[in-house]
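Q: I'm passing along query-v4.pdb; it holds PDB, C-alpha atoms and all ligand atoms.
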```pdb
MODEL        1
ATOM      1  CA  MET A   1     -11.178  27.577  12.388  1.00  0.00           C
ATOM      2  CA  LYS A   2     -13.497  24.578  12.421  1.00  0.00           C
ATOM      3  CA  VAL A   3     -11.852  21.216  11.808  1.00  0.00           C
ATOM      4  CA  LEU A   4     -13.575  18.072  10.567  1.00  0.00           C
ATOM      5  CA  VAL A   5     -11.647  14.860  11.246  1.00  0.00           C
ATOM      6  CA  ILE A   6     -12.887  12.047   9.030  1.00  0.00           C
ATOM      7  CA  VAL A   7     -11.651   8.795  10.556  1.00  0.00           C
ATOM      8  CA  ALA A   8     -11.426   5.628   8.464  1.00  0.00           C
ATOM      9  CA  HIS A   9     -10.290   2.712  10.618  1.00  0.00           C
ATOM     10  CA  PRO A  10     -12.129  -0.605  10.214  1.00  0.00           C
ATOM     11  CA  ASP A  11     -11.072  -1.927  13.625  1.00  0.00           C
ATOM     12  CA  LEU A  12     -10.802   0.896  16.130  1.00  0.00           C
ATOM     13  CA  GLU A  13     -11.217  -1.516  19.052  1.00  0.00           C
ATOM     14  CA  SER A  14      -7.803  -3.006  18.307  1.00  0.00           C
ATOM     15  CA  SER A  15      -6.242   0.289  17.322  1.00  0.00           C
ATOM     16  CA  VAL A  16      -3.379   1.826  19.293  1.00  0.00           C
ATOM     17  CA  ILE A  17      -2.496   5.085  17.619  1.00  0.00           C
ATOM     18  CA  ASN A  18      -5.673   6.114  15.772  1.00  0.00           C
ATOM     19  CA  ARG A  19      -7.719   5.544  18.905  1.00  0.00           C
ATOM     20  CA  ALA A  20      -5.257   7.588  20.982  1.00  0.00           C
ATOM     21  CA  TRP A  21      -5.498  10.405  18.430  1.00  0.00           C
ATOM     22  CA  ILE A  22      -9.307  10.389  18.583  1.00  0.00           C
ATOM     23  CA  GLU A  23      -9.389  10.345  22.380  1.00  0.00           C
ATOM     24  CA  GLU A  24      -7.069  13.343  22.480  1.00  0.00           C
ATOM     25  CA  LEU A  25      -9.458  15.321  20.273  1.00  0.00           C
ATOM     26  CA  ARG A  26     -12.447  14.861  22.559  1.00  0.00           C
ATOM     27  CA  GLY A  27     -13.374  18.097  24.280  1.00  0.00           C
ATOM     28  CA  HIS A  28     -11.943  20.366  21.586  1.00  0.00           C
ATOM     29  CA  ALA A  29     -14.904  22.591  20.713  1.00  0.00           C
ATOM     30  CA  ASP A  30     -13.698  23.396  17.192  1.00  0.00           C
ATOM     31  CA  VAL A  31     -13.071  19.775  16.203  1.00  0.00           C
ATOM     32  CA  THR A  32     -15.711  17.381  14.879  1.00  0.00           C
ATOM     33  CA  VAL A  33     -14.588  13.750  14.863  1.00  0.00           C
ATOM     34  CA  HIS A  34     -16.527  11.772  12.266  1.00  0.00           C
ATOM     35  CA  ASP A  35     -15.832   8.049  12.281  1.00  0.00           C
ATOM     36  CA  LEU A  36     -16.906   6.517   8.959  1.00  0.00           C
ATOM     37  CA  TYR A  37     -16.893   2.821   9.888  1.00  0.00           C
ATOM     38  CA  THR A  38     -19.028   3.481  12.998  1.00  0.00           C
ATOM     39  CA  ASN A  39     -21.441   5.794  11.186  1.00  0.00           C
ATOM     40  CA  TYR A  40     -21.809   3.505   8.196  1.00  0.00           C
ATOM     41  CA  PRO A  41     -21.528  -0.141   9.319  1.00  0.00           C
ATOM     42  CA  ASP A  42     -23.323  -1.100   6.099  1.00  0.00           C
ATOM     43  CA  GLU A  43     -20.946   1.200   4.154  1.00  0.00           C
ATOM     44  CA  GLN A  44     -23.917   3.092   2.652  1.00  0.00           C
ATOM     45  CA  ILE A  45     -22.665   6.669   2.802  1.00  0.00           C
ATOM     46  CA  ASP A  46     -25.184   9.509   3.224  1.00  0.00           C
ATOM     47  CA  VAL A  47     -23.795  11.854   0.579  1.00  0.00           C
ATOM     48  CA  GLU A  48     -25.942  14.890   1.531  1.00  0.00           C
ATOM     49  CA  ARG A  49     -24.920  14.601   5.172  1.00  0.00           C
ATOM     50  CA  GLU A  50     -21.244  14.298   4.297  1.00  0.00           C
ATOM     51  CA  GLN A  51     -21.364  17.276   1.961  1.00  0.00           C
ATOM     52  CA  ARG A  52     -23.089  19.448   4.613  1.00  0.00           C
ATOM     53  CA  LEU A  53     -20.463  18.405   7.171  1.00  0.00           C
ATOM     54  CA  CYS A  54     -17.664  19.434   4.816  1.00  0.00           C
ATOM     55  CA  GLU A  55     -19.345  22.754   4.055  1.00  0.00           C
ATOM     56  CA  GLN A  56     -19.575  23.523   7.784  1.00  0.00           C
ATOM     57  CA  HIS A  57     -15.818  23.160   8.360  1.00  0.00           C
ATOM     58  CA  ASP A  58     -12.724  25.027   7.183  1.00  0.00           C
ATOM     59  CA  ARG A  59     -10.144  22.251   7.436  1.00  0.00           C
ATOM     60  CA  ILE A  60     -10.752  18.598   6.652  1.00  0.00           C
ATOM     61  CA  VAL A  61      -8.425  15.987   8.147  1.00  0.00           C
ATOM     62  CA  MET A  62      -8.548  12.473   6.723  1.00  0.00           C
ATOM     63  CA  GLN A  63      -7.220  10.163   9.442  1.00  0.00           C
ATOM     64  CA  PHE A  64      -6.420   6.527   8.727  1.00  0.00           C
ATOM     65  CA  PRO A  65      -3.961   3.669   9.175  1.00  0.00           C
ATOM     66  CA  PHE A  66      -1.875   2.970   6.056  1.00  0.00           C
ATOM     67  CA  TYR A  67      -3.332  -0.135   4.385  1.00  0.00           C
ATOM     68  CA  TRP A  68      -1.438  -1.356   1.345  1.00  0.00           C
ATOM     69  CA  TYR A  69       0.097   2.069   0.844  1.00  0.00           C
ATOM     70  CA  SER A  70      -3.274   3.799   0.850  1.00  0.00           C
ATOM     71  CA  SER A  71      -6.371   4.255   3.002  1.00  0.00           C
ATOM     72  CA  PRO A  72      -8.845   1.594   4.108  1.00  0.00           C
ATOM     73  CA  PRO A  73     -11.524   1.175   1.435  1.00  0.00           C
ATOM     74  CA  LEU A  74     -14.395   3.133   3.012  1.00  0.00           C
ATOM     75  CA  LEU A  75     -12.441   6.373   2.642  1.00  0.00           C
ATOM     76  CA  LYS A  76     -11.972   5.663  -1.055  1.00  0.00           C
ATOM     77  CA  LYS A  77     -15.699   5.008  -1.332  1.00  0.00           C
ATOM     78  CA  TRP A  78     -16.314   8.273   0.530  1.00  0.00           C
ATOM     79  CA  GLN A  79     -14.310  10.128  -2.118  1.00  0.00           C
ATOM     80  CA  ASP A  80     -16.084   8.323  -4.966  1.00  0.00           C
ATOM     81  CA  LYS A  81     -19.541   9.146  -3.590  1.00  0.00           C
ATOM     82  CA  VAL A  82     -19.158  12.518  -1.868  1.00  0.00           C
ATOM     83  CA  LEU A  83     -16.900  14.413  -4.279  1.00  0.00           C
ATOM     84  CA  THR A  84     -19.581  14.861  -6.909  1.00  0.00           C
ATOM     85  CA  TYR A  85     -19.621  16.838 -10.147  1.00  0.00           C
ATOM     86  CA  GLY A  86     -21.220  20.241  -9.571  1.00  0.00           C
ATOM     87  CA  TRP A  87     -20.307  20.143  -5.874  1.00  0.00           C
ATOM     88  CA  ALA A  88     -16.618  19.323  -5.607  1.00  0.00           C
ATOM     89  CA  TYR A  89     -15.530  19.860  -9.222  1.00  0.00           C
ATOM     90  CA  GLY A  90     -16.818  20.812 -12.663  1.00  0.00           C
ATOM     91  CA  SER A  91     -19.421  23.473 -13.362  1.00  0.00           C
ATOM     92  CA  GLY A  92     -20.445  25.070 -10.050  1.00  0.00           C
ATOM     93  CA  GLY A  93     -18.354  22.543  -8.172  1.00  0.00           C
ATOM     94  CA  ASP A  94     -16.631  24.971  -5.853  1.00  0.00           C
ATOM     95  CA  LYS A  95     -17.907  23.978  -2.410  1.00  0.00           C
ATOM     96  CA  LEU A  96     -14.493  22.884  -1.133  1.00  0.00           C
ATOM     97  CA  HIS A  97     -12.491  25.637  -2.780  1.00  0.00           C
ATOM     98  CA  HIS A  98      -9.949  27.272  -0.432  1.00  0.00           C
ATOM     99  CA  LYS A  99     -10.678  24.820   2.364  1.00  0.00           C
ATOM    100  CA  GLU A 100      -7.677  22.892   3.661  1.00  0.00           C
ATOM    101  CA  LEU A 101      -7.006  19.166   3.416  1.00  0.00           C
ATOM    102  CA  MET A 102      -4.635  17.406   5.784  1.00  0.00           C
ATOM    103  CA  LEU A 103      -3.909  13.694   6.061  1.00  0.00           C
ATOM    104  CA  ALA A 104      -3.138  12.009   9.384  1.00  0.00           C
ATOM    105  CA  VAL A 105      -1.672   8.585   8.722  1.00  0.00           C
ATOM    106  CA  SER A 106      -0.170   5.854  10.878  1.00  0.00           C
ATOM    107  CA  THR A 107       2.085   3.180   9.458  1.00  0.00           C
ATOM    108  CA  GLY A 108       3.297  -0.201  10.620  1.00  0.00           C
ATOM    109  CA  GLY A 109       6.648   0.308   8.883  1.00  0.00           C
ATOM    110  CA  VAL A 110       9.311   2.515  10.433  1.00  0.00           C
ATOM    111  CA  GLU A 111      10.315   5.752   8.705  1.00  0.00           C
ATOM    112  CA  GLU A 112      13.614   4.342   7.349  1.00  0.00           C
ATOM    113  CA  LYS A 113      11.615   1.920   5.200  1.00  0.00           C
ATOM    114  CA  TYR A 114       9.882   4.816   3.444  1.00  0.00           C
ATOM    115  CA  ARG A 115      12.677   6.115   1.229  1.00  0.00           C
ATOM    116  CA  ALA A 116      14.406   5.294  -2.051  1.00  0.00           C
ATOM    117  CA  GLY A 117      16.372   2.104  -1.499  1.00  0.00           C
ATOM    118  CA  GLY A 118      14.404   1.252   1.646  1.00  0.00           C
ATOM    119  CA  THR A 119      12.043  -1.700   1.928  1.00  0.00           C
ATOM    120  CA  ASN A 120       9.097   0.307   0.616  1.00  0.00           C
ATOM    121  CA  GLN A 121      11.186   2.274  -1.964  1.00  0.00           C
ATOM    122  CA  PHE A 122       8.998   5.388  -1.821  1.00  0.00           C
ATOM    123  CA  THR A 123       8.328   8.142   0.686  1.00  0.00           C
ATOM    124  CA  THR A 124       4.877   8.499   2.215  1.00  0.00           C
ATOM    125  CA  SER A 125       4.528  11.845   0.409  1.00  0.00           C
ATOM    126  CA  GLU A 126       5.038  10.001  -2.885  1.00  0.00           C
ATOM    127  CA  LEU A 127       2.637   7.196  -1.986  1.00  0.00           C
ATOM    128  CA  LEU A 128      -0.047   9.653  -0.876  1.00  0.00           C
ATOM    129  CA  ARG A 129       0.027  11.574  -4.183  1.00  0.00           C
ATOM    130  CA  PRO A 130      -3.523  10.518  -5.232  1.00  0.00           C
ATOM    131  CA  PHE A 131      -4.845  12.487  -2.234  1.00  0.00           C
ATOM    132  CA  GLN A 132      -2.718  15.471  -3.234  1.00  0.00           C
ATOM    133  CA  ALA A 133      -3.948  15.265  -6.846  1.00  0.00           C
ATOM    134  CA  THR A 134      -7.556  15.040  -5.647  1.00  0.00           C
ATOM    135  CA  SER A 135      -7.058  18.014  -3.342  1.00  0.00           C
ATOM    136  CA  ASN A 136      -5.676  19.962  -6.275  1.00  0.00           C
ATOM    137  CA  LEU A 137      -8.603  19.075  -8.545  1.00  0.00           C
ATOM    138  CA  ILE A 138     -11.221  20.095  -6.003  1.00  0.00           C
ATOM    139  CA  GLY A 139      -9.515  23.394  -5.187  1.00  0.00           C
ATOM    140  CA  MET A 140      -8.380  22.600  -1.669  1.00  0.00           C
ATOM    141  CA  THR A 141      -5.089  23.626  -0.075  1.00  0.00           C
ATOM    142  CA  TYR A 142      -3.073  20.486   0.632  1.00  0.00           C
ATOM    143  CA  LEU A 143      -1.223  20.727   3.938  1.00  0.00           C
ATOM    144  CA  PRO A 144       1.701  18.603   5.159  1.00  0.00           C
ATOM    145  CA  ALA A 145       0.498  15.291   6.584  1.00  0.00           C
ATOM    146  CA  TYR A 146       0.695  14.327  10.241  1.00  0.00           C
ATOM    147  CA  LEU A 147       2.469  10.970  10.334  1.00  0.00           C
ATOM    148  CA  PHE A 148       3.184   8.313  12.892  1.00  0.00           C
ATOM    149  CA  TYR A 149       5.656   5.681  11.730  1.00  0.00           C
ATOM    150  CA  GLY A 150       6.416   2.284  13.214  1.00  0.00           C
ATOM    151  CA  THR A 151       3.324   1.637  15.282  1.00  0.00           C
ATOM    152  CA  PHE A 152       4.432  -1.898  16.146  1.00  0.00           C
ATOM    153  CA  GLU A 153       7.650  -0.687  17.789  1.00  0.00           C
ATOM    154  CA  ALA A 154       6.087   2.345  19.486  1.00  0.00           C
ATOM    155  CA  SER A 155       6.166   2.766  23.254  1.00  0.00           C
ATOM    156  CA  ALA A 156       3.196   3.998  25.282  1.00  0.00           C
ATOM    157  CA  GLN A 157       5.040   7.291  25.670  1.00  0.00           C
ATOM    158  CA  ASP A 158       5.560   7.637  21.892  1.00  0.00           C
ATOM    159  CA  VAL A 159       1.812   7.183  21.434  1.00  0.00           C
ATOM    160  CA  ARG A 160       0.919   9.665  24.161  1.00  0.00           C
ATOM    161  CA  LEU A 161       3.297  12.328  22.803  1.00  0.00           C
ATOM    162  CA  SER A 162       2.008  11.875  19.274  1.00  0.00           C
ATOM    163  CA  ALA A 163      -1.575  12.278  20.461  1.00  0.00           C
ATOM    164  CA  GLU A 164      -0.757  15.487  22.323  1.00  0.00           C
ATOM    165  CA  GLN A 165       1.040  16.910  19.300  1.00  0.00           C
ATOM    166  CA  TYR A 166      -1.769  15.799  16.987  1.00  0.00           C
ATOM    167  CA  ALA A 167      -4.353  18.016  18.608  1.00  0.00           C
ATOM    168  CA  LYS A 168      -2.008  21.025  18.391  1.00  0.00           C
ATOM    169  CA  HIS A 169      -1.002  20.193  14.830  1.00  0.00           C
ATOM    170  CA  ILE A 170      -4.466  19.973  13.348  1.00  0.00           C
ATOM    171  CA  LEU A 171      -5.686  23.069  15.185  1.00  0.00           C
ATOM    172  CA  THR A 172      -2.775  25.292  14.155  1.00  0.00           C
ATOM    173  CA  PRO A 173      -3.620  27.701  11.341  1.00  0.00           C
ATOM    174  CA  VAL A 174      -1.202  27.932   8.444  1.00  0.00           C
ATOM    175  CA  VAL A 175       0.578  31.296   8.523  1.00  0.00           C
TER     176      VAL A 175
HETATM  177  C1  LIG B   1      -4.719  -4.754   5.695  1.00  0.00           C
HETATM  178  C2  LIG B   1      -3.537  -4.033   6.275  1.00  0.00           C
HETATM  179  C3  LIG B   1      -2.637  -3.425   5.413  1.00  0.00           C
HETATM  180  C4  LIG B   1      -1.530  -2.734   5.917  1.00  0.00           C
HETATM  181  N1  LIG B   1      -0.676  -2.133   5.036  1.00  0.00           N
HETATM  182  C5  LIG B   1       0.388  -1.434   5.534  1.00  0.00           C
HETATM  183  C6  LIG B   1       1.261  -0.747   4.630  1.00  0.00           C
HETATM  184  O1  LIG B   1       1.078  -0.731   3.407  1.00  0.00           O
HETATM  185  N2  LIG B   1       2.305  -0.073   5.169  1.00  0.00           N
HETATM  186  C7  LIG B   1       2.543  -0.036   6.527  1.00  0.00           C
HETATM  187  O2  LIG B   1       3.517   0.605   6.951  1.00  0.00           O
HETATM  188  N3  LIG B   1       1.705  -0.662   7.393  1.00  0.00           N
HETATM  189  C8  LIG B   1       0.640  -1.345   6.922  1.00  0.00           C
HETATM  190  N4  LIG B   1      -0.226  -1.960   7.796  1.00  0.00           N
HETATM  191  C9  LIG B   1      -0.048  -1.746   9.252  1.00  0.00           C
HETATM  192  C10 LIG B   1      -0.961  -0.602   9.718  1.00  0.00           C
HETATM  193  O3  LIG B   1      -0.708   0.592   9.014  1.00  0.00           O
HETATM  194  C11 LIG B   1      -0.784  -0.361  11.204  1.00  0.00           C
HETATM  195  O4  LIG B   1      -1.170  -1.538  11.877  1.00  0.00           O
HETATM  196  C12 LIG B   1      -1.618   0.810  11.668  1.00  0.00           C
HETATM  197  O5  LIG B   1      -1.157   2.016  11.108  1.00  0.00           O
HETATM  198  C13 LIG B   1      -1.592   0.931  13.174  1.00  0.00           C
HETATM  199  O6  LIG B   1      -2.549   1.894  13.573  1.00  0.00           O
HETATM  200  P1  LIG B   1      -3.618   1.550  14.720  1.00  0.00           P
HETATM  201  O7  LIG B   1      -2.828   1.273  15.980  1.00  0.00           O
HETATM  202  O8  LIG B   1      -4.448   2.781  14.849  1.00  0.00           O
HETATM  203  O9  LIG B   1      -4.411   0.369  14.238  1.00  0.00           O
HETATM  204  C14 LIG B   1      -1.335  -2.657   7.328  1.00  0.00           C
HETATM  205  C15 LIG B   1      -2.236  -3.287   8.188  1.00  0.00           C
HETATM  206  C16 LIG B   1      -3.327  -3.957   7.670  1.00  0.00           C
HETATM  207  C17 LIG B   1      -4.296  -4.633   8.631  1.00  0.00           C
ENDMDL
END
```
If you convert what's in this file into structure tokens, what do you get?
A:
Amino acid sequence: MKVLVIVAHPDLESSVINRAWIEELRGHADVTVHDLYTNYPDEQIDVEREQRLCEQHDRIVMQFPFYWYSSPPLLKKWQDKVLTYGWAYGSGGDKLHHKELMLAVSTGGVEEKYRAGGTNQFTTSELLRPFQATSNLIGMTYLPAYLFYGTFEASAQDVRLSAEQYAKHILTPVV
């Protein structure tokens, strides 16, 4: 199984968890890490290149820090530009059919805040529904997300353990 990890973090230099996740993936032959903000500093996405990359992989992981209950904007732009009619949906738009989509998301808020009655009122699964709906429309299989809550409170060991588990998680086939 070939895995494409599309990373959308506008400030990886200051990142704790997303950077640790990426570093853990280095050296895995079946994983391609594709960092959008580094590849497109002018935010001009090469649609053909992105579509070829997706076609060459079986599982697509969208990795990002939670920004205002969603992804940083370049990943939204990626969806707007790359998921075209006739390629991702509509007549002949079957290029992503039966591929898998997984989100890998870090949050500042701790898990207890992400529930009914908590500070954020909604679960991350609920807040990430637009990704699930998109996955459904483009014929992908939506897998459970890999989440890291409470980055600000996390210890170095929490980060290291999450990174180790991340590599296993995204490389494990669904049975
Ligand atoms: C513009 C912005 C918006 C954010 N919005 C949220 C949010 O909606 N929910 C949340 O839990 N954390 C939010 N955060 C905190 C980030 O999710 C957190 O810093 C990030 O996941 C840490 O990952 P990193 O160490 O890889 O940067 C936000 C941070 C920024 C800069």
Q: Just how far from atom CA of Tyr89 of chain A is atom CA of Pro173 of chain A, in Å to one decimal?
A: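 Straight-line distance from atom CA of Pro173 of chain A to atom CA of Tyr89 of chain A works out to 25.0 Å.
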Q: What residues of the protein or nucleic acid chains come within 6 Å of ligand LIG 1 (chain B) when you use all atoms listed in the file? Reply as a PyMOL selection string.
A: chain A and resi 15-19+65-69+106-109+151
Q: Just checking: using all atoms listed in the file, which residue out of A:Asp80, A:Glu24, A:His34, A:Asp42 ends up closest to Ala163 of chain A?
A: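 Closest to Ala163 of chain A of all the choices is A:Glu24.
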Q: Identify which of the residues A:Gln56, A:Thr38, A:Thr84, A:Thr32 lies closest to Glu13 of chain A, counting all atoms listed in the file when measuring atom-to-atom distances.
A: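 Of the candidates, the smallest distance to Glu13 of chain A is held by A:Thr38.
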Q: Could you work out an axis-aligned box for segment 87-95 of chain A, taking every atom the file lists and adding 8 Å on each side, and report centre and edge lengths in Å to one decimal, as JSON?
A:
```
{"center_x": -18.0, "center_y": 22.2, "center_z": -7.9, "size_x": 20.9, "size_y": 21.7, "size_z": 27.0}
```
Q: Expand the PyMOL selection byres (((chain A and resi 142) around 9) and not hetatm) into the individual residues it matches in the shown file, reporting them as a CSV table (one decimal) with C-alpha atoms, in the coordinates of the input.
A:
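Written file, out-v7.csv:
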```csv
chain,number,residue,atom,x,y,z
A,99,LYS,CA,-10.7,24.8,2.4
A,100,GLU,CA,-7.7,22.9,3.7
A,101,LEU,CA,-7.0,19.2,3.4
A,102,MET,CA,-4.6,17.4,5.8
A,103,LEU,CA,-3.9,13.7,6.1
A,131,PHE,CA,-4.8,12.5,-2.2
A,132,GLN,CA,-2.7,15.5,-3.2
A,135,SER,CA,-7.1,18.0,-3.3
A,136,ASN,CA,-5.7,20.0,-6.3
A,140,MET,CA,-8.4,22.6,-1.7
A,141,THR,CA,-5.1,23.6,-0.1
A,143,LEU,CA,-1.2,20.7,3.9
A,144,PRO,CA,1.7,18.6,5.2
A,145,ALA,CA,0.5,15.3,6.6
```
Q: When you draw a straight line from atom CA of Leu147 of chain A to atom CA of Thr124 of chain A, how long is it in Å?
A: 8.8 Å
Q: Would you please work out which residue, of A:Gly117, A:Lys76, A:Trp87, A:Leu12, is nearest to Glu43 of chain A when using all atoms listed in the file?
A: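 Looking at the shortest contact to Glu43 of chain A, the residue is A:Lys76.
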Q: Between atom CA of Pro72 of chain A and atom CA of Tyr37 of chain A, what distance in Å does the model show, to one decimal?
A: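 Taking atom CA of Pro72 of chain A as the start and atom CA of Tyr37 of chain A as the end point, the length is 10.0 Å.
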Q: Excluding Lys113 of chain A and residues on its chain fewer than 5 positions from it, collect all residues at most 12 Å away from it, counting only C-alpha atoms, and give them as a PyMOL selection string.
A: chain A and resi 107-108+118-124+149-150
Q: Where atoms are missing, can you supply N, CA, C and O atoms for segment 68-84 of chain A and output the lot as a compact mmCIF listing (two decimals), in the frame of the given file?
A:
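Heads up, here's the output in selection-v4.txt:
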```txt
# COMPACT_ATOMS: atom_id res chain seq x y z
N TRP A 68 -1.96 -1.15 2.70
CA TRP A 68 -1.44 -1.36 1.34
C TRP A 68 -1.15 -0.03 0.66
O TRP A 68 -1.61 0.25 -0.44
N TYR A 69 -0.40 0.80 1.37
CA TYR A 69 0.10 2.07 0.84
C TYR A 69 -1.01 3.05 0.49
O TYR A 69 -0.82 3.96 -0.33
N SER A 70 -2.16 2.88 1.11
CA SER A 70 -3.27 3.80 0.85
C SER A 70 -4.18 3.79 2.07
O SER A 70 -3.78 3.36 3.16
N SER A 71 -5.41 4.24 1.89
CA SER A 71 -6.37 4.26 3.00
C SER A 71 -7.20 2.97 3.00
O SER A 71 -7.31 2.29 1.97
N PRO A 72 -7.83 2.65 4.12
CA PRO A 72 -8.85 1.59 4.11
C PRO A 72 -9.96 1.95 3.10
O PRO A 72 -10.18 3.15 2.82
N PRO A 73 -10.66 0.95 2.60
CA PRO A 73 -11.52 1.18 1.44
C PRO A 73 -12.70 2.14 1.64
O PRO A 73 -13.14 2.76 0.68
N LEU A 74 -13.22 2.27 2.85
CA LEU A 74 -14.40 3.13 3.01
C LEU A 74 -14.05 4.60 2.75
O LEU A 74 -14.91 5.37 2.31
N LEU A 75 -12.81 4.98 2.95
CA LEU A 75 -12.44 6.37 2.64
C LEU A 75 -12.36 6.59 1.13
O LEU A 75 -12.69 7.66 0.63
N LYS A 76 -11.96 5.56 0.42
CA LYS A 76 -11.97 5.66 -1.06
C LYS A 76 -13.41 5.76 -1.54
O LYS A 76 -13.74 6.58 -2.40
N LYS A 77 -14.29 4.95 -0.94
CA LYS A 77 -15.70 5.01 -1.33
C LYS A 77 -16.27 6.39 -1.00
O LYS A 77 -17.06 6.95 -1.77
N TRP A 78 -15.87 6.93 0.14
CA TRP A 78 -16.31 8.27 0.53
C TRP A 78 -15.95 9.28 -0.57
O TRP A 78 -16.78 10.10 -0.97
N GLN A 79 -14.73 9.21 -1.05
CA GLN A 79 -14.31 10.13 -2.12
C GLN A 79 -15.14 9.90 -3.39
O GLN A 79 -15.60 10.85 -4.02
N ASP A 80 -15.34 8.63 -3.74
CA ASP A 80 -16.08 8.32 -4.97
C ASP A 80 -17.51 8.85 -4.90
O ASP A 80 -18.07 9.30 -5.90
N LYS A 81 -18.13 8.77 -3.72
CA LYS A 81 -19.54 9.15 -3.59
C LYS A 81 -19.74 10.63 -3.28
O LYS A 81 -20.68 11.25 -3.78
N VAL A 82 -18.90 11.17 -2.41
CA VAL A 82 -19.16 12.52 -1.87
C VAL A 82 -18.62 13.62 -2.78
O VAL A 82 -19.23 14.69 -2.88
N LEU A 83 -17.52 13.37 -3.45
CA LEU A 83 -16.90 14.41 -4.28
C LEU A 83 -17.56 14.44 -5.66
O LEU A 83 -16.98 14.01 -6.67
N THR A 84 -18.77 14.95 -5.69
CA THR A 84 -19.58 14.86 -6.91
C THR A 84 -19.34 16.04 -7.86
O THR A 84 -18.95 17.13 -7.44
```
